[in-house]
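Pasted below: protein_5.txt, compact mmCIF, C-alpha atoms.
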```txt
# COMPACT_ATOMS: atom_id res chain seq x y z
CA MET V 1 0.00 0.00 0.00
CA LYS V 2 2.69 2.52 1.00
CA ALA V 3 4.57 1.88 -2.25
CA LYS V 4 1.52 2.98 -4.24
CA TYR V 5 1.30 6.28 -2.38
CA LEU V 6 5.02 6.83 -2.80
CA ILE V 7 4.80 6.28 -6.55
CA THR V 8 1.80 8.60 -6.87
CA PHE V 9 3.68 11.27 -4.89
CA ILE V 10 6.81 10.94 -7.02
CA THR V 11 4.71 11.08 -10.22
CA LEU V 12 3.01 14.27 -9.11
CA VAL V 13 6.28 15.91 -8.06
CA PHE V 14 7.99 15.16 -11.34
CA ALA V 15 4.93 15.93 -13.47
CA GLY V 16 4.68 19.27 -11.76
CA SER V 17 8.34 20.07 -12.30
CA SER V 18 8.49 18.94 -15.94
CA GLY V 19 8.07 22.50 -17.13
CA PHE V 20 11.50 23.28 -15.72
CA ALA V 21 13.26 20.32 -17.37
CA GLN V 22 16.50 21.29 -19.08
CA LYS V 23 17.04 20.22 -22.67
CA GLU V 24 20.78 19.79 -22.15
CA SER V 25 21.30 16.78 -19.98
CA LYS V 26 24.42 15.71 -18.15
CA SER V 27 23.22 12.10 -17.97
CA SER V 28 22.82 9.22 -20.44
CA PHE V 29 20.30 10.10 -23.12
CA GLU V 30 17.01 11.90 -23.23
CA ILE V 31 13.81 10.06 -23.86
CA ASP V 32 10.26 11.38 -23.85
CA GLN V 33 8.39 8.11 -24.19
CA LEU V 34 9.17 4.58 -25.08
CA ILE V 35 7.34 1.46 -26.11
CA GLY V 36 9.09 -1.77 -25.22
CA LEU V 37 8.55 -5.24 -26.62
CA ASN V 38 10.31 -7.93 -24.61
CA TRP V 39 10.80 -11.62 -24.73
CA GLU V 40 10.27 -12.90 -21.21
CA ILE V 41 11.77 -15.90 -19.47
CA ASN V 42 10.23 -17.05 -16.19
CA VAL V 43 12.19 -19.23 -13.79
CA PRO V 44 10.03 -20.59 -10.92
CA ALA V 45 11.44 -19.69 -7.53
CA GLY V 46 10.15 -21.80 -4.69
CA ASN V 47 6.87 -22.85 -6.37
CA ASN V 48 5.66 -26.33 -5.63
CA TYR V 49 3.33 -26.31 -8.65
CA ILE V 50 5.67 -26.24 -11.65
CA SER V 51 9.46 -26.26 -11.57
CA LYS V 52 10.11 -25.89 -15.30
CA THR V 53 11.35 -22.62 -16.76
CA SER V 54 9.00 -20.92 -19.19
CA LEU V 55 10.56 -19.73 -22.41
CA SER V 56 7.20 -18.71 -23.84
CA GLY V 57 6.68 -15.27 -22.47
CA PHE V 58 6.24 -11.75 -23.69
CA LYS V 59 5.98 -8.30 -22.16
CA PHE V 60 4.71 -5.11 -23.70
CA GLU V 61 5.48 -1.88 -21.86
CA TYR V 62 5.02 1.83 -22.19
CA ARG V 63 7.05 4.37 -20.23
CA LYS V 64 6.50 8.11 -20.06
CA PHE V 65 9.53 10.07 -18.88
CA PHE V 66 8.83 12.94 -16.51
CA SER V 67 12.50 13.72 -16.24
CA ASP V 68 15.78 12.07 -17.12
CA GLN V 69 15.70 10.17 -13.86
CA PHE V 70 12.11 9.09 -13.64
CA SER V 71 9.47 7.41 -15.75
CA ALA V 72 6.06 5.90 -15.10
CA GLY V 73 4.02 3.66 -17.27
CA ILE V 74 2.25 0.37 -17.75
CA ALA V 75 3.30 -3.15 -18.56
CA ILE V 76 1.31 -6.15 -19.73
CA GLY V 77 2.83 -9.57 -20.11
CA TRP V 78 1.97 -13.19 -20.52
CA ASN V 79 3.87 -16.41 -19.99
CA THR V 80 2.94 -20.03 -20.27
CA VAL V 81 4.58 -23.30 -19.31
CA GLU V 82 3.62 -26.92 -19.20
CA GLN V 83 5.25 -29.74 -17.29
CA TYR V 84 4.67 -33.49 -17.29
CA PHE V 85 4.84 -35.28 -13.94
CA PRO V 86 5.34 -39.08 -14.14
CA THR V 87 3.10 -41.42 -12.15
CA LYS V 88 3.37 -40.77 -8.44
CA THR V 89 1.24 -41.19 -5.35
CA TYR V 90 0.04 -37.92 -3.86
CA GLU V 91 -1.07 -38.13 -0.26
CA LYS V 92 -3.04 -35.72 1.87
CA THR V 93 -1.03 -34.67 4.93
CA ASP V 94 -3.34 -36.45 7.37
CA GLY V 95 -3.07 -39.68 5.36
CA SER V 96 -6.80 -40.00 4.71
CA VAL V 97 -6.60 -39.76 0.91
CA ALA V 98 -4.03 -41.01 -1.62
CA VAL V 99 -4.12 -40.55 -5.40
CA THR V 100 -1.84 -42.31 -7.89
CA THR V 101 -1.65 -40.82 -11.33
CA ASP V 102 0.59 -39.07 -13.81
CA MET V 103 -0.36 -35.57 -14.82
CA ILE V 104 0.33 -32.57 -16.97
CA ARG V 105 0.33 -29.25 -15.15
CA GLN V 106 -0.16 -26.18 -17.24
CA ALA V 107 0.19 -22.57 -16.14
CA PHE V 108 -0.70 -19.39 -17.93
CA ASN V 109 -0.09 -16.02 -16.28
CA LEU V 110 -1.12 -12.56 -17.42
CA PRO V 111 0.35 -9.80 -15.24
CA MET V 112 -0.88 -6.22 -15.77
CA MET V 113 1.02 -3.55 -13.88
CA ALA V 114 1.51 0.13 -13.38
CA THR V 115 5.26 0.75 -13.41
CA ALA V 116 7.70 3.33 -12.17
CA HIS V 117 11.43 3.43 -12.93
CA TYR V 118 14.34 5.46 -11.60
CA TYR V 119 17.41 6.11 -13.79
CA PRO V 120 20.55 7.20 -11.94
CA GLN V 121 22.62 9.92 -13.57
CA LEU V 122 25.60 8.35 -15.34
CA PRO V 123 28.03 9.78 -17.91
CA SER V 124 27.33 7.06 -20.51
CA HIS V 125 25.55 8.07 -23.72
CA ILE V 126 24.74 4.50 -24.59
CA PHE V 127 23.57 2.81 -21.41
CA LYS V 128 20.74 4.05 -19.24
CA PRO V 129 20.39 1.68 -16.28
CA TYR V 130 17.37 1.71 -14.03
CA ILE V 131 15.64 0.17 -11.08
CA GLY V 132 11.91 0.00 -10.91
CA ILE V 133 8.78 -1.63 -9.69
CA GLY V 134 5.54 -2.85 -11.24
CA LEU V 135 2.39 -3.25 -9.19
CA GLY V 136 -0.92 -4.53 -10.37
CA ALA V 137 -3.10 -7.56 -10.95
CA GLN V 138 -2.32 -10.94 -12.43
CA TYR V 139 -4.72 -13.38 -14.01
CA SER V 140 -3.53 -16.97 -13.65
CA SER V 141 -4.90 -20.16 -15.09
CA GLN V 142 -3.55 -23.40 -13.67
CA ASP V 143 -4.94 -26.58 -15.18
CA VAL V 144 -4.05 -30.12 -14.17
CA TYR V 145 -4.69 -32.87 -16.75
CA TYR V 146 -4.70 -36.53 -15.69
CA ASN V 147 -6.12 -39.52 -17.61
CA ILE V 148 -9.27 -38.04 -19.20
CA TYR V 149 -9.90 -35.58 -16.42
CA VAL V 150 -8.91 -31.98 -15.76
CA ILE V 151 -8.90 -29.76 -12.72
CA GLU V 152 -9.31 -26.17 -13.85
CA ASN V 153 -8.32 -23.31 -11.66
CA ASP V 154 -8.44 -19.64 -12.65
CA ASP V 155 -8.02 -16.69 -10.39
CA TRP V 156 -6.89 -13.11 -10.09
CA GLY V 157 -4.20 -12.05 -7.67
CA PHE V 158 -2.12 -9.07 -6.71
CA VAL V 159 1.30 -8.88 -8.39
CA ALA V 160 4.48 -7.03 -7.47
CA ARG V 161 7.59 -7.06 -9.65
CA PRO V 162 10.70 -5.15 -8.62
CA GLU V 163 13.32 -5.14 -11.37
CA ILE V 164 16.73 -3.87 -12.34
CA GLY V 165 17.90 -3.37 -15.91
CA THR V 166 19.27 -1.11 -18.56
CA LEU V 167 18.45 0.51 -21.88
CA ALA V 168 21.20 0.40 -24.52
CA ARG V 169 20.91 2.97 -27.25
CA ILE V 170 21.19 1.66 -30.82
CA ASN V 171 20.21 4.82 -32.66
CA GLU V 172 17.98 7.89 -32.32
CA LYS V 173 14.81 5.82 -32.32
CA ILE V 174 15.69 2.43 -30.96
CA ALA V 175 17.29 1.04 -27.84
CA GLY V 176 17.78 -2.44 -26.50
CA ILE V 177 16.29 -3.46 -23.14
CA ALA V 178 17.58 -6.06 -20.71
CA SER V 179 16.38 -6.60 -17.16
CA VAL V 180 15.98 -9.08 -14.38
CA GLY V 181 13.16 -8.96 -11.86
CA TYR V 182 11.26 -10.93 -9.28
CA ASN V 183 7.58 -11.56 -9.88
CA TYR V 184 5.47 -12.27 -6.82
CA SER V 185 1.72 -12.85 -7.06
CA THR V 186 -0.98 -13.98 -4.68
CA ASN V 187 -2.61 -16.37 -7.18
CA LYS V 188 -3.35 -19.74 -5.61
CA MET V 189 -4.55 -23.25 -6.32
CA ASP V 190 -6.06 -25.06 -3.35
CA ALA V 191 -6.22 -28.50 -5.00
CA LEU V 192 -2.43 -28.71 -5.11
CA GLY V 193 -1.70 -26.54 -2.08
CA VAL V 194 -0.31 -23.57 -3.97
CA SER V 195 -0.65 -20.31 -2.05
CA SER V 196 1.39 -17.89 -4.17
CA LEU V 197 3.49 -17.79 -7.33
CA LYS V 198 7.08 -16.60 -7.42
CA GLN V 199 9.37 -16.36 -10.42
CA VAL V 200 12.65 -14.76 -11.38
CA VAL V 201 11.93 -12.93 -14.63
CA PHE V 202 14.40 -12.09 -17.40
CA ASN V 203 13.44 -9.62 -20.12
CA VAL V 204 15.28 -8.97 -23.37
CA GLY V 205 13.79 -6.69 -25.95
CA ILE V 206 13.60 -3.62 -28.09
CA ALA V 207 12.44 -0.15 -27.10
CA PHE V 208 11.05 2.30 -29.62
CA LEU V 209 11.96 5.82 -28.47
CA LEU V 210 9.20 8.27 -29.21
CA ASP V 211 9.13 12.07 -29.23
CA MET X 1 3.60 11.63 -36.67
CA MET X 2 2.99 9.17 -39.51
CA ILE X 3 5.74 6.93 -38.16
CA PHE X 4 4.22 7.08 -34.71
CA MET X 5 0.82 6.09 -36.10
CA ARG X 6 2.35 3.19 -37.98
CA ILE X 7 4.19 2.04 -34.90
CA LYS X 8 0.95 2.22 -32.91
CA ILE X 9 -0.91 0.10 -35.41
CA ALA X 10 1.92 -2.40 -35.77
CA LEU X 11 2.15 -2.77 -32.03
CA SER X 12 -1.58 -3.25 -31.59
CA LEU X 13 -1.55 -6.03 -34.14
CA PHE X 14 1.53 -7.52 -32.52
CA LEU X 15 -0.20 -7.45 -29.18
CA VAL X 16 -3.32 -9.16 -30.49
CA VAL X 17 -1.24 -11.86 -32.17
CA MET X 18 0.86 -12.40 -29.07
CA LEU X 19 -2.13 -12.68 -26.76
CA ALA X 20 -4.06 -14.83 -29.19
CA GLY X 21 -1.22 -17.29 -29.48
CA CYS X 22 -0.76 -17.64 -25.79
CA TYR X 23 -2.80 -20.71 -24.85
CA LYS X 24 -1.76 -24.04 -26.11
CA GLU X 25 -3.29 -27.49 -25.86
CA PRO X 26 -1.39 -29.76 -23.48
CA ALA X 27 0.55 -32.70 -24.90
CA TYR X 28 -2.16 -35.25 -24.05
CA GLU X 29 -0.21 -38.07 -25.70
CA GLU X 30 2.29 -37.91 -22.80
CA LEU X 31 -0.37 -39.02 -20.33
CA SER X 32 -0.44 -42.68 -19.40
CA ASP X 33 -3.53 -44.76 -20.26
CA ASN X 34 -3.47 -46.34 -16.80
CA PHE X 35 -6.42 -45.71 -14.53
CA THR X 36 -6.12 -43.07 -11.84
CA VAL X 37 -6.32 -44.69 -8.39
CA THR X 38 -7.76 -42.82 -5.43
CA THR X 39 -8.05 -44.39 -2.00
CA ASN X 40 -9.82 -43.08 1.09
CA ARG X 41 -9.59 -44.42 4.60
CA ASP X 42 -11.29 -43.91 7.94
CA LEU X 43 -8.47 -42.49 10.07
CA GLU X 44 -9.99 -43.80 13.31
CA VAL X 45 -9.77 -47.44 12.29
CA ASP X 46 -6.97 -49.87 13.13
CA PHE X 47 -6.96 -52.37 10.26
CA GLY X 48 -4.86 -54.74 12.34
CA THR X 49 -7.83 -55.68 14.53
CA TYR X 50 -9.68 -57.50 11.72
CA LYS X 51 -8.98 -61.11 10.71
CA THR X 52 -11.61 -62.41 8.29
CA TYR X 53 -13.49 -61.10 5.26
CA PHE X 54 -16.05 -62.07 2.64
CA ILE X 55 -16.32 -60.97 -1.00
CA SER X 56 -19.01 -62.02 -3.48
CA ASP X 57 -18.17 -63.66 -6.82
CA THR X 58 -20.43 -61.26 -8.66
CA VAL X 59 -19.67 -57.67 -9.61
CA PRO X 60 -22.57 -55.28 -10.20
CA TYR X 61 -22.13 -53.35 -13.40
CA HIS X 62 -23.92 -50.26 -14.50
CA SER X 63 -23.56 -48.97 -18.01
CA GLY X 64 -25.81 -46.28 -19.40
CA THR X 65 -26.23 -47.91 -22.78
CA SER X 66 -26.83 -51.48 -21.65
CA LYS X 67 -29.44 -53.36 -19.65
CA ASP X 68 -26.75 -55.65 -18.07
CA SER X 69 -26.56 -55.40 -14.31
CA MET X 70 -23.66 -57.78 -13.67
CA LEU X 71 -20.21 -58.09 -15.18
CA PRO X 72 -19.85 -61.35 -17.15
CA ALA X 73 -18.69 -64.13 -14.81
CA ALA X 74 -15.24 -64.56 -16.38
CA GLU X 75 -14.41 -60.85 -16.07
CA ALA X 76 -15.88 -60.59 -12.59
CA LYS X 77 -13.77 -63.54 -11.40
CA LYS X 78 -10.56 -61.80 -12.54
CA LEU X 79 -11.35 -58.66 -10.54
CA VAL X 80 -12.54 -60.59 -7.47
CA ASP X 81 -9.42 -62.78 -7.60
CA ALA X 82 -7.22 -59.64 -7.69
CA VAL X 83 -8.85 -58.34 -4.49
CA LYS X 84 -8.65 -61.77 -2.82
CA ALA X 85 -4.94 -62.08 -3.65
CA ASN X 86 -4.20 -58.70 -2.07
CA MET X 87 -6.29 -59.37 1.04
CA SER X 88 -4.59 -62.74 1.50
CA THR X 89 -1.12 -61.16 1.21
CA ARG X 90 -2.12 -58.72 3.92
CA GLY X 91 -3.00 -61.56 6.29
CA TYR X 92 -6.80 -61.66 6.02
CA THR X 93 -8.66 -64.97 5.73
CA PHE X 94 -11.58 -65.48 3.33
CA VAL X 95 -14.62 -67.03 5.06
CA PRO X 96 -18.17 -67.71 3.84
CA LYS X 97 -20.75 -65.04 4.58
CA ALA X 98 -22.54 -67.27 7.10
CA ALA X 99 -19.34 -67.47 9.19
CA LYS X 100 -19.79 -63.84 10.27
CA PRO X 101 -16.69 -62.25 8.72
CA ASP X 102 -15.12 -59.12 10.31
CA LEU X 103 -15.05 -57.27 6.98
CA GLY X 104 -17.27 -57.22 3.89
CA VAL X 105 -15.60 -56.32 0.59
CA SER X 106 -17.69 -55.19 -2.35
CA LEU X 107 -16.70 -54.51 -5.93
CA GLY X 108 -18.66 -52.54 -8.49
CA ALA X 109 -18.02 -51.37 -12.05
CA LEU X 110 -19.39 -48.44 -13.99
CA LYS X 111 -19.17 -47.49 -17.62
CA ASP X 112 -20.12 -44.10 -18.90
CA THR X 113 -20.29 -43.21 -22.53
CA ASP X 114 -20.35 -39.56 -23.34
CA VAL X 115 -21.59 -38.98 -26.83
CA GLY X 116 -21.57 -35.56 -28.31
CA VAL X 117 -22.75 -34.31 -31.64
CA ILE X 118 -21.50 -31.18 -33.31
CA TYR X 119 -23.68 -29.71 -36.00
CA PRO X 120 -21.30 -27.86 -38.29
CA GLY X 121 -22.09 -24.46 -39.62
CA TRP X 122 -22.63 -22.58 -36.40
CA TRP X 123 -19.43 -20.68 -37.08
CA TYR X 124 -20.96 -18.89 -40.04
CA GLY X 125 -21.93 -15.38 -39.26
CA TYR X 126 -18.60 -14.55 -37.67
CA PRO X 127 -17.16 -11.35 -39.12
CA GLY X 128 -14.92 -12.01 -42.10
CA TRP X 129 -15.90 -15.70 -42.38
CA TRP X 130 -16.54 -17.03 -45.90
CA GLY X 131 -20.26 -16.66 -46.35
CA GLY X 132 -22.69 -17.62 -49.06
CA GLY X 133 -22.04 -14.41 -50.93
CA TYR X 134 -18.39 -15.36 -51.42
CA TRP X 135 -19.21 -18.62 -53.10
CA GLY X 136 -21.96 -17.20 -55.30
CA GLY X 137 -25.25 -16.89 -53.54
CA TYR X 138 -25.87 -20.28 -51.86
CA TYR X 139 -25.62 -20.84 -48.13
CA PRO X 140 -23.11 -23.57 -47.15
CA TYR X 141 -24.77 -26.88 -46.29
CA TYR X 142 -23.22 -29.76 -44.41
CA PRO X 143 -24.70 -33.16 -45.32
CA TYR X 144 -23.22 -34.71 -42.13
CA SER X 145 -22.66 -33.98 -38.47
CA ILE X 146 -19.58 -34.66 -36.39
CA THR X 147 -19.86 -37.16 -33.52
CA TYR X 148 -17.41 -37.79 -30.74
CA VAL X 149 -17.45 -40.57 -28.17
CA ILE X 150 -15.58 -40.64 -24.90
CA THR X 151 -15.95 -43.82 -22.89
CA SER X 152 -14.89 -43.79 -19.30
CA GLY X 153 -15.07 -46.43 -16.65
CA ASN X 154 -14.85 -46.78 -12.90
CA VAL X 155 -14.15 -49.69 -10.57
CA ILE X 156 -15.11 -49.16 -6.96
CA VAL X 157 -13.92 -51.29 -4.05
CA ASP X 158 -15.43 -50.81 -0.60
CA ILE X 159 -14.36 -52.46 2.65
CA VAL X 160 -17.18 -52.42 5.17
CA ASP X 161 -16.74 -52.97 8.92
CA LEU X 162 -19.16 -55.82 9.77
CA LYS X 163 -17.57 -56.56 13.16
CA SER X 164 -18.61 -53.20 14.66
CA ALA X 165 -21.96 -52.93 12.89
CA VAL X 166 -24.14 -53.80 15.89
CA PRO X 167 -22.25 -51.78 18.55
CA LYS X 168 -21.98 -48.78 16.22
CA GLN X 169 -25.47 -49.25 14.77
CA LYS X 170 -24.15 -48.51 11.29
CA LEU X 171 -22.12 -50.07 8.50
CA VAL X 172 -19.01 -47.91 8.19
CA VAL X 173 -17.11 -48.07 4.92
CA ILE X 174 -13.63 -47.98 6.41
CA TRP X 175 -11.82 -48.02 3.06
CA ASN X 176 -12.71 -47.11 -0.48
CA ALA X 177 -10.77 -47.39 -3.71
CA PHE X 178 -12.08 -45.30 -6.58
CA ILE X 179 -10.46 -46.30 -9.86
CA GLY X 180 -11.21 -44.54 -13.10
CA GLY X 181 -10.21 -43.35 -16.51
CA GLY X 182 -10.71 -43.63 -20.23
CA LEU X 183 -11.59 -47.10 -21.46
CA ALA X 184 -9.86 -48.94 -24.28
CA THR X 185 -11.98 -50.64 -26.94
CA SER X 186 -10.72 -54.05 -25.80
CA THR X 187 -12.37 -55.57 -22.73
CA THR X 188 -9.23 -57.61 -22.03
CA VAL X 189 -7.16 -54.45 -21.87
CA ASN X 190 -9.70 -52.77 -19.60
CA ILE X 191 -9.80 -55.72 -17.20
CA ASP X 192 -5.98 -55.88 -17.12
CA MET X 193 -5.82 -52.15 -16.36
CA ALA X 194 -8.42 -52.62 -13.62
CA ILE X 195 -6.38 -55.43 -12.04
CA ASP X 196 -3.24 -53.25 -12.09
CA ALA X 197 -5.25 -50.47 -10.49
CA ILE X 198 -6.63 -52.75 -7.75
CA ASP X 199 -3.05 -53.82 -6.98
CA GLN X 200 -1.98 -50.16 -6.85
CA ALA X 201 -4.86 -49.36 -4.51
CA PHE X 202 -3.41 -51.84 -2.01
CA VAL X 203 0.19 -50.67 -2.63
CA GLN X 204 -0.73 -47.15 -1.55
CA SER X 205 -2.65 -48.50 1.45
CA LYS X 206 0.07 -50.19 3.49
CA TYR X 207 -2.03 -49.77 6.65
CA ILE X 208 -4.34 -52.59 5.45
CA GLN X 209 -2.60 -55.33 7.40
CA SER X 210 -4.00 -57.90 9.73
CA LYS X 211 -2.00 -58.54 12.91
```

Give the structure from this file in structure tokens form.
Amino acid sequence: MKAKYLITFITLVFAGSSGFAQKESKSSFEIDQLIGLNWEINVPAGNNYISKTSLSGFKFEYRKFFSDQFSAGIAIGWNTVEQYFPTKTYEKTDGSVAVTTDMIRQAFNLPMMATAHYYPQLPSHIFKPYIGIGLGAQYSSQDVYYNIYVIENDDWGFVARPEIGTLARINEKIAGIASVGYNYSTNKMDALGVSSLKQVVFNVGIAFLLD
Amino acid sequence: MMIFMRIKIALSLFLVVMLAGCYKEPAYEELSDNFTVTTNRDLEVDFGTYKTYFISDTVPYHSGTSKDSMLPAAEAKKLVDAVKANMSTRGYTFVPKAAKPDLGVSLGALKDTDVGVIYPGWWYGYPGWWGGGYWGGYYPYYPYSITYVITSGNVIVDIVDLKSAVPKQKLVVIWNAFIGGGLATSTTVNIDMAIDAIDQAFVQSKYIQSK
């Protein structure tokens, strides 16, 4: 909760002071807005639902710069992964129920976040590193397929994704993006005892720099 | 400005394509054909206190498309023998019903055939779909419908506490095995899978042991 108020405060401060922004900058390079398209890799961190890394992921983002050091925007992503689990006996903790089966677990996540990034002043004209955070909602669909049956589970949860990364200027209009972050969401699946989802997220992509 | 507009349009299309391509069908062919085996137990019962049991030679069979109420004798014998072999290994003695056995074991089989019919043509009317006008005035007509059949089966094994029936004033089902899955077209294969599943039900129930 406090993070949201902090971001709103920072946005208002910088939006209010944008009229005094200097055109000559001592830092990396000036951007007004950017649209980023990223390939996203999700590595599960501590999940007991799926342990396989997802290579099928994508993130679209928009950032509006209120100064050289600060931007705010939105990000929407999706990632999907499927993992086969060989035949095994699953037992309830009190021992009253046991189920033997193989299964395919499938996960599909759609995080939608408001983002804010801070860019420290550095002398480089090519790299523009940043740290930032995304906060929002995540839709998650977790389906378990076994024999001819399926357990379907869809829910919405809260998502938080702090990240660290950099832009790398290619020319006037295009820059590369690379970042690593940690995605935490409150999505759950009672049938398999999942109470939250955590992944380490890698993004690699292209940013279109707009006037 | 023109470039910006083009980028906007390109990105919107990209986004739609990305999101549309996100879900994929699981690799069903990876799943084993073996039945899924679920066992439930009454946690308050000590299986070691029972010594004798009775099981009938007949197996009730309910199938939605047939008037048969019993599995054919040869098939029933195979399933009953599988249960008897497991009970014997666990130290229980088979006695006739008149000898007042401690436990009553019952077997039942179910077959469910889910038949669906798809009447093609309902997809006409979607925007952009090839309609009658495209082909020259006539409305497309399908001289057939598409039928799918999914046959599933269940084998249910119950162990009933006969010893405590009078003191407790009820027949408690102290153990249940619920076996199920897609059926093969061959009865022999189905019976073999059921026998494997009955064996698995006992494997995951090590507490069924007479002292």

Counting all atoms listed in the file, what is within 9 Å of Gly48 in chain X, bar same-chain residues fewer than 2 positions away, as number ranges by chain?
X: 45-46, 50-51, 207-211

Closest of V:Val201, V:Ile206, V:Ala168, V:Ala160 to Ala45 in chain V, counting all atoms listed in the file, is V:Val201

- [ ] Pull out every residue of chain V that has at least one atom within 7 Å of chain X, counting only C-alpha atoms, and report them as a PyMOL selection string.
- [x] chain V and resi 96-103+146-148

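Near range 63-78 of chain V, within a cut-off of 7 Å and counting all atoms listed in the file, sit the residues Phe14, Ala15, Ser18, Ala21, Glu30, Ile31, Asp32, Gln33, Leu34, Ile35, Gly57, Asn109, Leu110, Pro111, Met112, Met113, Ala114, Thr115, Ala116, His117, Tyr118, Tyr119, Pro120 and Gln121 of chain V, with same-chain residues fewer than 6 positions away left out.
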
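Look at Asn183 in chain V: the protein and nucleic acid residues within 8 Å of it, using all atoms listed in the file and passing over chain neighbours fewer than 4 places away, are Val159, Ala160, Arg161, Pro162, Leu197, Lys198, Gln199, Val200 and Val201 of chain V.
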
Selected residues written out, C-alpha atoms, as a PDB file, keeping the file's coordinate frame:
```pdb
ATOM      1  CA  VAL V 159       1.300  -8.880  -8.390  1.00  0.00           C
ATOM      2  CA  ALA V 160       4.480  -7.030  -7.470  1.00  0.00           C
ATOM      3  CA  ARG V 161       7.590  -7.060  -9.650  1.00  0.00           C
ATOM      4  CA  PRO V 162      10.700  -5.150  -8.620  1.00  0.00           C
ATOM      5  CA  LEU V 197       3.490 -17.790  -7.330  1.00  0.00           C
ATOM      6  CA  LYS V 198       7.080 -16.600  -7.420  1.00  0.00           C
ATOM      7  CA  GLN V 199       9.370 -16.360 -10.420  1.00  0.00           C
ATOM      8  CA  VAL V 200      12.650 -14.760 -11.380  1.00  0.00           C
ATOM      9  CA  VAL V 201      11.930 -12.930 -14.630  1.00  0.00           C
TER      10      VAL V 201
END
```

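Candidate residues V:Ile170, V:Ile104, V:Val180, V:Ala175 were compared for distance to Val43 in chain V, and the nearest is V:Val180, using only C-alpha atoms.
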
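Using only C-alpha atoms, the protein and nucleic acid residues lying at most 8 Å from the point (-1.5, -13.2, -11.7) are Asn109, Leu110, Pro111, Ala137, Gln138, Tyr139, Ser140, Asp155, Trp156, Gly157, Phe158, Val159, Ser185, Thr186 and Asn187 of chain V.
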
Between CA of Leu167 in chain V and CA of Lys128 in chain V lies a distance of 5.0 Å

Computed gap from CA of Ala191 in chain V to CA of Tyr84 in chain V is 17.2 Å

note - CA of Gly46 in chain V and CA of Pro129 in chain V are separated by 28.1 Å
